[in-house]
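Shown next, in structure tokens, is the structure this report addresses.
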Amino acid sequence: MHWAGRQARRALDDARDKLSAYLNIESSSLVFTSGGTEANNMAIFGCLSHSKPGKVVVSAIEHPSVLQTAEYWCEKLGHQLCLVSPDVNGVILAEDFCAALDEDTVMACLMWANNEIGVIQPVETIVATCREYHIPVLIDGVQAMGKLPMDLAQLDADFVSLSAHKIGGMKGVGALVIRRKASLETWALGGGQERGRRSGTENVPGVVAFAAVLGVLNYQDTQAVRDAFECYLLENMPDVKIYGRDVERVANTSMFTVPDMDGETLLMQLDLAGFAVASGSACSSGKREPSHVLRAMGVPDREARSSLRVSFGLEHDDGDAKALVDELVRIRALLKKMSGR
Ligand SMILES: Cc1ncc(COP(=O)(O)O)c(C=O)c1O
């Protein structure tokens with residue numbers, strides 16, 4: 001009721017209006033969360049916990065916050081999990097995904113763009129089919145935001161998850177878009193914030209910063225550097241294989257395999273040289289398991305273990321791309337020499 005509280009409320013409302021205008025949705029459809037992970041958990045638990053036992057169709061290349069959450073709640077609540085594999089390029093074919101949908105399906109989950117290989121998925125066709133069959137559908141939009149046009153008046157998904165730190169905002173803030181007053185079991189009870197959908201004092205600075213960075217960074221501008229990197233990489237290491245290069249990808253991501261090298265070793269050597277790259281998924285770094293995305297694409301484990309992922313930001317230029325390739329060439333030669341190959 002007091003002035004300070006009203007100020008915080010106004011800041012939150014303004015941020016909500018700005019984000020909903022950006023997404024072309026009603027502001028009442030937005031629930032702020034602590035990030036993409038919470039948004040995905042909220043949608044999956046919220047939807048599955050009140051559905052009669054049925055089938056849950058999920059792509060096999062989802063982020064762990066979707067895959068593990070779906071696995072967990074399916075097992076707990078007696079749903080049947082159906083994973084749809086991608087083709088060799090990392091695309092979930094709309095016909096494969098839609099063929100898995102039937103009258104027992106209680107939820108479908110698919111990411112807009114993959115976080116490891118950057119490949120863009122046919123979300124429009126899949127969402128349209130789910131709508132036709134009245135199947136609630138979650139689109140993980142975390143990697144698409146800021147990299148692809150995001151007009152949710154055109155993409156009629158029930159749930160879309162978002163994360164601020166992928167577009168230059170703060171870590172620990174995100175949102176779940178909930179459409180058509182989709183029925184969702186409440187995730188966090190208590191103070192009744194976010195229209196009773198997510199109790200807990202809101203992260204006002206994080207949310208305000210989220211709205212402030214919308215549209216500021218144009219990741220399309222990273223494409224020239226990413227493409228230059230890949231050309232230079234292939235020129236200098238012709239045996240390298242780049243994943244998803246023949247299909248539509250977001251502009252800033254490159255994932256590739258360096259034959260006969262261990263990805264983790266390359267990562268550590270590059271780290272010593274000042275480069276921050278990932279092997280497998282950055283979100284689950286520290287794990288020695290080969291990337292589940294590459295595995296689902298049919299990439300042999302040995303090849304997957306030799307893979308690296310590079311994400312370019314707007315601060316990078318051709319010089320950085322060239323320096324990274326030069327360093328990779330140097331490290332590979334050194335490691336080969338050391339192992340007597
Ligand atoms: C596709 C995708 N979904 C969800 C997440 C989780 O988002 P957050 O880090 O905000 O929890 C990530 C994080 O990298 C992601 O890439």
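FYI, nothing fancy with the structure tokens labels: chains A, B, ... in order, residues from 1 per chain, ligands from 1 as they appear.
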
For chain A against ligand 1, with a cut-off of 9 Å and counting only C-alpha atoms and all ligand atoms, what is the closest atom pair and its distance in Å to one decimal for every residue that makes the cut, ordered by chain and number, as CSV?
```
residue,atom,partner,partner_atom_place_in_ligand_line,distance
A:Thr33,CA,ligand 1,10 (O),8.9
A:Ser34,CA,ligand 1,10 (O),7.0
A:Gly35,CA,ligand 1,10 (O),3.6
A:Gly36,CA,ligand 1,7 (O),3.5
A:Thr37,CA,ligand 1,11 (O),3.7
A:Glu38,CA,ligand 1,11 (O),6.4
A:Ala39,CA,ligand 1,11 (O),8.0
A:Asn40,CA,ligand 1,4 (C),7.2
A:Glu62,CA,ligand 1,1 (C),6.8
A:His63,CA,ligand 1,1 (C),5.0
A:Pro64,CA,ligand 1,4 (C),7.6
A:Ser65,CA,ligand 1,4 (C),6.0
A:Val66,CA,ligand 1,3 (N),7.4
A:Met111,CA,ligand 1,1 (C),6.4
A:Trp112,CA,ligand 1,1 (C),8.0
A:Ala113,CA,ligand 1,1 (C),7.0
A:Asn114,CA,ligand 1,1 (C),5.9
A:Asn115,CA,ligand 1,16 (O),4.5
A:Glu116,CA,ligand 1,16 (O),7.7
A:Asp140,CA,ligand 1,3 (N),5.9
A:Gly141,CA,ligand 1,1 (C),6.8
A:Val142,CA,ligand 1,2 (C),5.0
A:Gln143,CA,ligand 1,1 (C),5.2
A:Ala144,CA,ligand 1,1 (C),8.2
A:Ser161,CA,ligand 1,4 (C),7.6
A:Leu162,CA,ligand 1,10 (O),7.2
A:Ser163,CA,ligand 1,10 (O),4.5
A:Ala164,CA,ligand 1,10 (O),6.8
A:His165,CA,ligand 1,10 (O),6.6
A:Lys166,CA,ligand 1,14 (O),7.5
A:Lys171,CA,ligand 1,10 (O),6.8
A:Gly172,CA,ligand 1,10 (O),6.2
A:Val173,CA,ligand 1,10 (O),6.5
A:Gly174,CA,ligand 1,10 (O),6.1
A:Ala175,CA,ligand 1,10 (O),9.0
A:Ser281,CA,ligand 1,14 (O),8.2
A:Ala282,CA,ligand 1,14 (O),7.1
A:Cys283,CA,ligand 1,14 (O),5.4
A:Ser284,CA,ligand 1,14 (O),8.9
```

Stretch 233-310 of chain A near stretch 220-229 of chain A within 10 Å: what's each residue's closest atom pair and its distance in Å to one decimal, counting only C-alpha atoms, ordered by chain then ascending residue number, as a Markdown table?
```
| residue | atom | partner | partner_atom | distance |
| --- | --- | --- | --- | --- |
| A:Leu233 | CA | A:Phe229 | CA | 5.9 |
| A:Leu234 | CA | A:Phe229 | CA | 8.6 |
| A:Glu235 | CA | A:Phe229 | CA | 9.9 |
| A:Arg245 | CA | A:Asp227 | CA | 9.9 |
| A:Arg249 | CA | A:Gln223 | CA | 9.9 |
| A:Val250 | CA | A:Gln220 | CA | 8.0 |
| A:Ala251 | CA | A:Gln223 | CA | 4.6 |
| A:Asn252 | CA | A:Thr222 | CA | 5.4 |
| A:Thr253 | CA | A:Arg226 | CA | 7.1 |
| A:Ser254 | CA | A:Arg226 | CA | 7.0 |
| A:Val310 | CA | A:Arg226 | CA | 8.8 |
```

Restrict the selected residues to N, CA, C and O atoms and save them as a PDB file, in the first residue's frame.
```pdb
ATOM      1  N   LEU A 233      38.070 -22.747 -40.037  1.00  0.00           N
ATOM      2  CA  LEU A 233      38.268 -24.032 -39.349  1.00  0.00           C
ATOM      3  C   LEU A 233      38.433 -25.162 -40.378  1.00  0.00           C
ATOM      4  O   LEU A 233      39.358 -25.973 -40.298  1.00  0.00           O
ATOM      5  N   LEU A 234      37.541 -25.179 -41.368  1.00  0.00           N
ATOM      6  CA  LEU A 234      37.588 -26.245 -42.375  1.00  0.00           C
ATOM      7  C   LEU A 234      38.827 -26.128 -43.269  1.00  0.00           C
ATOM      8  O   LEU A 234      39.382 -27.129 -43.703  1.00  0.00           O
ATOM      9  N   GLU A 235      39.233 -24.883 -43.520  1.00  0.00           N
ATOM     10  CA  GLU A 235      40.446 -24.670 -44.326  1.00  0.00           C
ATOM     11  C   GLU A 235      41.664 -25.274 -43.621  1.00  0.00           C
ATOM     12  O   GLU A 235      42.528 -25.884 -44.230  1.00  0.00           O
ATOM     13  N   ARG A 245      25.161 -27.945 -40.177  1.00  0.00           N
ATOM     14  CA  ARG A 245      25.582 -26.871 -41.083  1.00  0.00           C
ATOM     15  C   ARG A 245      24.677 -26.773 -42.314  1.00  0.00           C
ATOM     16  O   ARG A 245      24.583 -25.723 -42.941  1.00  0.00           O
ATOM     17  N   ARG A 249      20.070 -22.774 -38.700  1.00  0.00           N
ATOM     18  CA  ARG A 249      20.574 -22.698 -37.323  1.00  0.00           C
ATOM     19  C   ARG A 249      20.477 -21.260 -36.825  1.00  0.00           C
ATOM     20  O   ARG A 249      20.465 -20.330 -37.644  1.00  0.00           O
ATOM     21  N   VAL A 250      20.495 -21.067 -35.499  1.00  0.00           N
ATOM     22  CA  VAL A 250      20.623 -19.709 -34.989  1.00  0.00           C
ATOM     23  C   VAL A 250      22.034 -19.227 -35.327  1.00  0.00           C
ATOM     24  O   VAL A 250      22.940 -20.040 -35.554  1.00  0.00           O
ATOM     25  N   ALA A 251      22.208 -17.894 -35.333  1.00  0.00           N
ATOM     26  CA  ALA A 251      23.403 -17.314 -35.956  1.00  0.00           C
ATOM     27  C   ALA A 251      24.701 -17.487 -35.180  1.00  0.00           C
ATOM     28  O   ALA A 251      25.777 -17.405 -35.755  1.00  0.00           O
ATOM     29  N   ASN A 252      24.622 -17.728 -33.875  1.00  0.00           N
ATOM     30  CA  ASN A 252      25.852 -17.570 -33.082  1.00  0.00           C
ATOM     31  C   ASN A 252      26.524 -18.877 -32.658  1.00  0.00           C
ATOM     32  O   ASN A 252      27.537 -18.857 -31.986  1.00  0.00           O
ATOM     33  N   THR A 253      25.910 -20.022 -33.018  1.00  0.00           N
ATOM     34  CA  THR A 253      26.380 -21.296 -32.461  1.00  0.00           C
ATOM     35  C   THR A 253      27.117 -22.138 -33.493  1.00  0.00           C
ATOM     36  O   THR A 253      26.696 -22.210 -34.648  1.00  0.00           O
ATOM     37  N   SER A 254      28.179 -22.815 -33.047  1.00  0.00           N
ATOM     38  CA  SER A 254      28.876 -23.755 -33.922  1.00  0.00           C
ATOM     39  C   SER A 254      29.298 -24.948 -33.079  1.00  0.00           C
ATOM     40  O   SER A 254      30.000 -24.791 -32.081  1.00  0.00           O
ATOM     41  N   VAL A 310      31.072 -23.751 -29.717  1.00  0.00           N
ATOM     42  CA  VAL A 310      31.508 -22.362 -29.583  1.00  0.00           C
ATOM     43  C   VAL A 310      30.300 -21.458 -29.796  1.00  0.00           C
ATOM     44  O   VAL A 310      29.534 -21.653 -30.737  1.00  0.00           O
TER      45      VAL A 310
END
```

Using only C-alpha atoms, which residues of stretch 198-296 of chain A come within 8 Å of stretch 306-309 of chain A, and what is the closest atom pair for each, with the distance in Å to one decimal? Give it as a Markdown table, sorted by chain and residue number.
```
| residue | atom | partner | partner_atom | distance |
| --- | --- | --- | --- | --- |
| A:Thr253 | CA | A:Arg309 | CA | 7.3 |
| A:Ser254 | CA | A:Arg309 | CA | 5.7 |
| A:Met255 | CA | A:Arg309 | CA | 4.3 |
| A:Phe256 | CA | A:Ser307 | CA | 5.4 |
| A:Thr257 | CA | A:Ser307 | CA | 4.0 |
| A:Val258 | CA | A:Ser306 | CA | 5.6 |
| A:Pro259 | CA | A:Ser306 | CA | 6.2 |
| A:Asp260 | CA | A:Ser306 | CA | 6.7 |
| A:Met261 | CA | A:Ser306 | CA | 5.3 |
| A:Asp262 | CA | A:Ser306 | CA | 4.7 |
| A:Gly263 | CA | A:Ser306 | CA | 4.3 |
| A:Glu264 | CA | A:Ser306 | CA | 7.8 |
| A:Leu267 | CA | A:Leu308 | CA | 7.4 |
| A:Val277 | CA | A:Arg309 | CA | 6.1 |
| A:Ala278 | CA | A:Arg309 | CA | 5.0 |
| A:Ser279 | CA | A:Leu308 | CA | 4.4 |
| A:Gly280 | CA | A:Leu308 | CA | 6.6 |
| A:Ser281 | CA | A:Arg309 | CA | 7.9 |
```

Those residues you just picked out, can you put them in a file as a short mmCIF file (atom, residue, chain, number, x, y, z; two decimals), in the first residue's frame with C-alpha atoms?
```cif
data_model
loop_
_atom_site.label_atom_id
_atom_site.label_comp_id
_atom_site.auth_asym_id
_atom_site.auth_seq_id
_atom_site.Cartn_x
_atom_site.Cartn_y
_atom_site.Cartn_z
CA THR A 253 26.38 -21.30 -32.46
CA SER A 254 28.88 -23.75 -33.92
CA MET A 255 29.30 -27.34 -32.77
CA PHE A 256 31.89 -29.57 -34.36
CA THR A 257 34.02 -32.63 -33.79
CA VAL A 258 37.82 -32.75 -34.01
CA PRO A 259 38.58 -36.39 -34.89
CA ASP A 260 40.77 -38.38 -32.50
CA MET A 261 40.86 -35.59 -29.90
CA ASP A 262 39.15 -35.56 -26.53
CA GLY A 263 36.75 -32.60 -26.36
CA GLU A 264 37.35 -32.04 -22.63
CA LEU A 267 38.42 -27.36 -23.81
CA VAL A 277 34.19 -22.88 -25.09
CA ALA A 278 32.02 -25.87 -24.19
CA SER A 279 32.15 -29.57 -24.89
CA GLY A 280 28.68 -31.09 -25.00
CA SER A 281 26.07 -28.96 -23.25
#
```

**Message:** Please determine, counting only C-alpha atoms, which residue among A:Val56, A:Leu272, A:Ala15, A:Ala100 has the shortest atom-to-atom distance to A:Glu71.
**Reply:**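 The closest residue to A:Glu71 is A:Val56.
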
**Request:** Check stretch 71-175 of chain A with DSSP on the backbone and list each residue it calls alpha helix (DSSP H), as a list of chain:residue names.
**Result:** A:Glu71, A:Tyr72, A:Trp73, A:Cys74, A:Glu75, A:Lys76, A:Leu77, A:Ala94, A:Glu95, A:Asp96, A:Phe97, A:Cys98, A:Ala99, A:Ala100, A:Val123, A:Glu124, A:Thr125, A:Ile126, A:Val127, A:Ala128, A:Thr129, A:Cys130, A:Arg131, A:Glu132

For the residues selected in the previous step, produce a file with N, CA, C and O atoms as an mmCIF file, in the first residue's frame.
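Final output, again_14.cif:
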```cif
data_model
loop_
_atom_site.group_PDB
_atom_site.id
_atom_site.type_symbol
_atom_site.label_atom_id
_atom_site.label_comp_id
_atom_site.auth_asym_id
_atom_site.auth_seq_id
_atom_site.Cartn_x
_atom_site.Cartn_y
_atom_site.Cartn_z
ATOM 1 N N GLU A 71 10.746 -36.851 -17.626
ATOM 2 C CA GLU A 71 11.016 -38.233 -17.196
ATOM 3 C C GLU A 71 10.542 -38.443 -15.753
ATOM 4 O O GLU A 71 9.856 -39.411 -15.433
ATOM 5 N N TYR A 72 10.905 -37.504 -14.892
ATOM 6 C CA TYR A 72 10.603 -37.619 -13.460
ATOM 7 C C TYR A 72 9.094 -37.660 -13.219
ATOM 8 O O TYR A 72 8.586 -38.555 -12.539
ATOM 9 N N TRP A 73 8.378 -36.698 -13.807
ATOM 10 C CA TRP A 73 6.932 -36.627 -13.524
ATOM 11 C C TRP A 73 6.159 -37.724 -14.236
ATOM 12 O O TRP A 73 5.120 -38.166 -13.746
ATOM 13 N N CYS A 74 6.668 -38.186 -15.361
ATOM 14 C CA CYS A 74 5.996 -39.310 -16.034
ATOM 15 C C CYS A 74 6.061 -40.532 -15.131
ATOM 16 O O CYS A 74 5.067 -41.214 -14.906
ATOM 17 N N GLU A 75 7.269 -40.764 -14.593
ATOM 18 C CA GLU A 75 7.428 -41.935 -13.736
ATOM 19 C C GLU A 75 6.580 -41.803 -12.473
ATOM 20 O O GLU A 75 5.888 -42.729 -12.061
ATOM 21 N N LYS A 76 6.617 -40.619 -11.857
ATOM 22 C CA LYS A 76 5.893 -40.393 -10.595
ATOM 23 C C LYS A 76 4.373 -40.480 -10.773
ATOM 24 O O LYS A 76 3.661 -40.958 -9.909
ATOM 25 N N LEU A 77 3.899 -39.954 -11.918
ATOM 26 C CA LEU A 77 2.450 -39.796 -12.071
ATOM 27 C C LEU A 77 1.822 -40.830 -13.001
ATOM 28 O O LEU A 77 0.632 -40.760 -13.287
ATOM 29 N N ALA A 94 8.702 -32.660 -38.441
ATOM 30 C CA ALA A 94 7.318 -32.433 -37.986
ATOM 31 C C ALA A 94 6.487 -33.701 -38.159
ATOM 32 O O ALA A 94 5.684 -34.048 -37.283
ATOM 33 N N GLU A 95 6.731 -34.435 -39.270
ATOM 34 C CA GLU A 95 5.907 -35.638 -39.489
ATOM 35 C C GLU A 95 6.195 -36.710 -38.435
ATOM 36 O O GLU A 95 5.274 -37.404 -37.992
ATOM 37 N N ASP A 96 7.448 -36.815 -37.990
ATOM 38 C CA ASP A 96 7.783 -37.796 -36.943
ATOM 39 C C ASP A 96 7.134 -37.409 -35.620
ATOM 40 O O ASP A 96 6.566 -38.241 -34.911
ATOM 41 N N PHE A 97 7.244 -36.118 -35.277
ATOM 42 C CA PHE A 97 6.696 -35.662 -33.996
ATOM 43 C C PHE A 97 5.171 -35.818 -34.006
ATOM 44 O O PHE A 97 4.577 -36.356 -33.067
ATOM 45 N N CYS A 98 4.552 -35.391 -35.096
ATOM 46 C CA CYS A 98 3.078 -35.420 -35.156
ATOM 47 C C CYS A 98 2.554 -36.854 -35.202
ATOM 48 O O CYS A 98 1.478 -37.134 -34.678
ATOM 49 N N ALA A 99 3.358 -37.770 -35.781
ATOM 50 C CA ALA A 99 2.926 -39.170 -35.839
ATOM 51 C C ALA A 99 2.847 -39.773 -34.441
ATOM 52 O O ALA A 99 2.122 -40.746 -34.211
ATOM 53 N N ALA A 100 3.609 -39.201 -33.500
ATOM 54 C CA ALA A 100 3.608 -39.733 -32.126
ATOM 55 C C ALA A 100 2.408 -39.218 -31.317
ATOM 56 O O ALA A 100 2.096 -39.746 -30.257
ATOM 57 N N VAL A 123 8.625 -25.614 -35.191
ATOM 58 C CA VAL A 123 7.641 -25.432 -34.118
ATOM 59 C C VAL A 123 6.256 -25.035 -34.645
ATOM 60 O O VAL A 123 5.240 -25.424 -34.068
ATOM 61 N N GLU A 124 6.215 -24.285 -35.745
ATOM 62 C CA GLU A 124 4.914 -23.788 -36.231
ATOM 63 C C GLU A 124 3.992 -24.961 -36.579
ATOM 64 O O GLU A 124 2.837 -25.014 -36.136
ATOM 65 N N THR A 125 4.509 -25.913 -37.387
ATOM 66 C CA THR A 125 3.678 -27.046 -37.817
ATOM 67 C C THR A 125 3.267 -27.881 -36.613
ATOM 68 O O THR A 125 2.111 -28.327 -36.514
ATOM 69 N N ILE A 126 4.205 -28.092 -35.708
ATOM 70 C CA ILE A 126 3.927 -28.964 -34.561
ATOM 71 C C ILE A 126 2.910 -28.311 -33.622
ATOM 72 O O ILE A 126 1.968 -28.958 -33.153
ATOM 73 N N VAL A 127 3.069 -27.022 -33.386
ATOM 74 C CA VAL A 127 2.102 -26.327 -32.512
ATOM 75 C C VAL A 127 0.705 -26.351 -33.171
ATOM 76 O O VAL A 127 -0.302 -26.616 -32.497
ATOM 77 N N ALA A 128 0.658 -26.128 -34.461
ATOM 78 C CA ALA A 128 -0.652 -26.125 -35.156
ATOM 79 C C ALA A 128 -1.329 -27.490 -35.014
ATOM 80 O O ALA A 128 -2.542 -27.578 -34.762
ATOM 81 N N THR A 129 -0.538 -28.566 -35.140
ATOM 82 C CA THR A 129 -1.122 -29.908 -35.013
ATOM 83 C C THR A 129 -1.601 -30.154 -33.576
ATOM 84 O O THR A 129 -2.685 -30.713 -33.359
ATOM 85 N N CYS A 130 -0.804 -29.737 -32.608
ATOM 86 C CA CYS A 130 -1.217 -29.899 -31.201
ATOM 87 C C CYS A 130 -2.511 -29.143 -30.932
ATOM 88 O O CYS A 130 -3.404 -29.641 -30.238
ATOM 89 N N ARG A 131 -2.624 -27.954 -31.494
ATOM 90 C CA ARG A 131 -3.848 -27.144 -31.312
ATOM 91 C C ARG A 131 -5.054 -27.906 -31.875
ATOM 92 O O ARG A 131 -6.106 -27.995 -31.254
ATOM 93 N N GLU A 132 -4.834 -28.459 -33.060
ATOM 94 C CA GLU A 132 -5.916 -29.190 -33.728
ATOM 95 C C GLU A 132 -6.433 -30.337 -32.849
ATOM 96 O O GLU A 132 -7.627 -30.575 -32.749
#
```

**Message:** Show me, as a PyMOL selection string, the residues that have an atom within 9 Å of A:Leu270 when counting only C-alpha atoms, minus same-chain residues fewer than 6 positions from it.
**Reply:** chain A and resi 276-277+324+327-328+331

Could you please take those selected residues and save all heavy atoms as a PDB file, in the first residue's frame?
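Final file, selection13.pdb:
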```pdb
ATOM      1  N   ALA A 276      36.869 -19.445 -23.791  1.00  0.00           N
ATOM      2  CA  ALA A 276      35.831 -20.135 -23.018  1.00  0.00           C
ATOM      3  C   ALA A 276      34.892 -20.822 -24.001  1.00  0.00           C
ATOM      4  O   ALA A 276      34.066 -20.167 -24.644  1.00  0.00           O
ATOM      5  CB  ALA A 276      35.066 -19.134 -22.165  1.00  0.00           C
ATOM      6  N   VAL A 277      35.077 -22.130 -24.188  1.00  0.00           N
ATOM      7  CA  VAL A 277      34.188 -22.883 -25.086  1.00  0.00           C
ATOM      8  C   VAL A 277      33.582 -24.030 -24.283  1.00  0.00           C
ATOM      9  O   VAL A 277      33.947 -24.247 -23.129  1.00  0.00           O
ATOM     10  CB  VAL A 277      34.949 -23.435 -26.323  1.00  0.00           C
ATOM     11  CG1 VAL A 277      35.621 -22.307 -27.089  1.00  0.00           C
ATOM     12  CG2 VAL A 277      35.959 -24.500 -25.929  1.00  0.00           C
ATOM     13  N   LEU A 324      41.081 -18.312 -32.515  1.00  0.00           N
ATOM     14  CA  LEU A 324      40.597 -19.563 -31.923  1.00  0.00           C
ATOM     15  C   LEU A 324      41.001 -20.758 -32.789  1.00  0.00           C
ATOM     16  O   LEU A 324      41.479 -21.773 -32.287  1.00  0.00           O
ATOM     17  CB  LEU A 324      39.065 -19.492 -31.750  1.00  0.00           C
ATOM     18  CG  LEU A 324      38.366 -20.756 -31.263  1.00  0.00           C
ATOM     19  CD1 LEU A 324      38.953 -21.261 -29.949  1.00  0.00           C
ATOM     20  CD2 LEU A 324      36.866 -20.508 -31.075  1.00  0.00           C
ATOM     21  N   GLU A 327      44.694 -21.427 -32.469  1.00  0.00           N
ATOM     22  CA  GLU A 327      44.999 -22.056 -31.186  1.00  0.00           C
ATOM     23  C   GLU A 327      44.625 -23.543 -31.221  1.00  0.00           C
ATOM     24  O   GLU A 327      45.352 -24.392 -30.722  1.00  0.00           O
ATOM     25  CB  GLU A 327      44.229 -21.320 -30.076  1.00  0.00           C
ATOM     26  CG  GLU A 327      44.671 -21.637 -28.671  1.00  0.00           C
ATOM     27  CD  GLU A 327      46.161 -21.399 -28.397  1.00  0.00           C
ATOM     28  OE1 GLU A 327      46.755 -20.482 -28.976  1.00  0.00           O
ATOM     29  OE2 GLU A 327      46.717 -22.175 -27.597  1.00  0.00           O
ATOM     30  N   LEU A 328      43.482 -23.839 -31.833  1.00  0.00           N
ATOM     31  CA  LEU A 328      43.055 -25.241 -31.954  1.00  0.00           C
ATOM     32  C   LEU A 328      44.064 -26.051 -32.753  1.00  0.00           C
ATOM     33  O   LEU A 328      44.410 -27.176 -32.387  1.00  0.00           O
ATOM     34  CB  LEU A 328      41.704 -25.296 -32.675  1.00  0.00           C
ATOM     35  CG  LEU A 328      40.456 -25.499 -31.830  1.00  0.00           C
ATOM     36  CD1 LEU A 328      39.222 -25.432 -32.718  1.00  0.00           C
ATOM     37  CD2 LEU A 328      40.490 -26.841 -31.101  1.00  0.00           C
ATOM     38  N   ILE A 331      47.134 -26.592 -30.555  1.00  0.00           N
ATOM     39  CA  ILE A 331      46.890 -27.562 -29.475  1.00  0.00           C
ATOM     40  C   ILE A 331      46.828 -28.983 -30.046  1.00  0.00           C
ATOM     41  O   ILE A 331      47.391 -29.918 -29.488  1.00  0.00           O
ATOM     42  CB  ILE A 331      45.578 -27.225 -28.726  1.00  0.00           C
ATOM     43  CG1 ILE A 331      45.736 -25.908 -27.964  1.00  0.00           C
ATOM     44  CG2 ILE A 331      45.174 -28.342 -27.782  1.00  0.00           C
ATOM     45  CD1 ILE A 331      44.427 -25.359 -27.409  1.00  0.00           C
TER      46      ILE A 331
END
```

**Request:** Determine which residues of stretch 243-317 of chain A DSSP labels as strand (DSSP E) from the backbone of this structure, then write them out as a list in words.
**Result:**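 Those residues are Thr253, Ser254, Met255, Phe256, Thr257, Ser307, Leu308, Arg309, Val310 and Ser311 of chain A.
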
**Fill in**
Expressed in Å, the length from atom CA of A:Gly78 to atom CA of A:Gly46 is 14.9 Å

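For the pair atom CA of A:Lys147 and atom CA of A:Met237, the separation is 28.4 Å.
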
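Residue nearest A:Gly274 within the list A:Val177, A:Ala70, A:Ala323, A:Val84: A:Ala323 [criterion: smallest interatomic distance, only C-alpha atoms].
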
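Comparing A:His50, A:Arg9, A:Arg330, A:Arg195 by their smallest distance to A:Ser28, the closest is A:Arg195 (using only C-alpha atoms).
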
**Asked** Quick one, how far is atom CA of A:Ala8 from atom CA of A:Glu194?
**Response**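 Result for atom CA of A:Ala8 versus atom CA of A:Glu194: 13.8 Å, one decimal.
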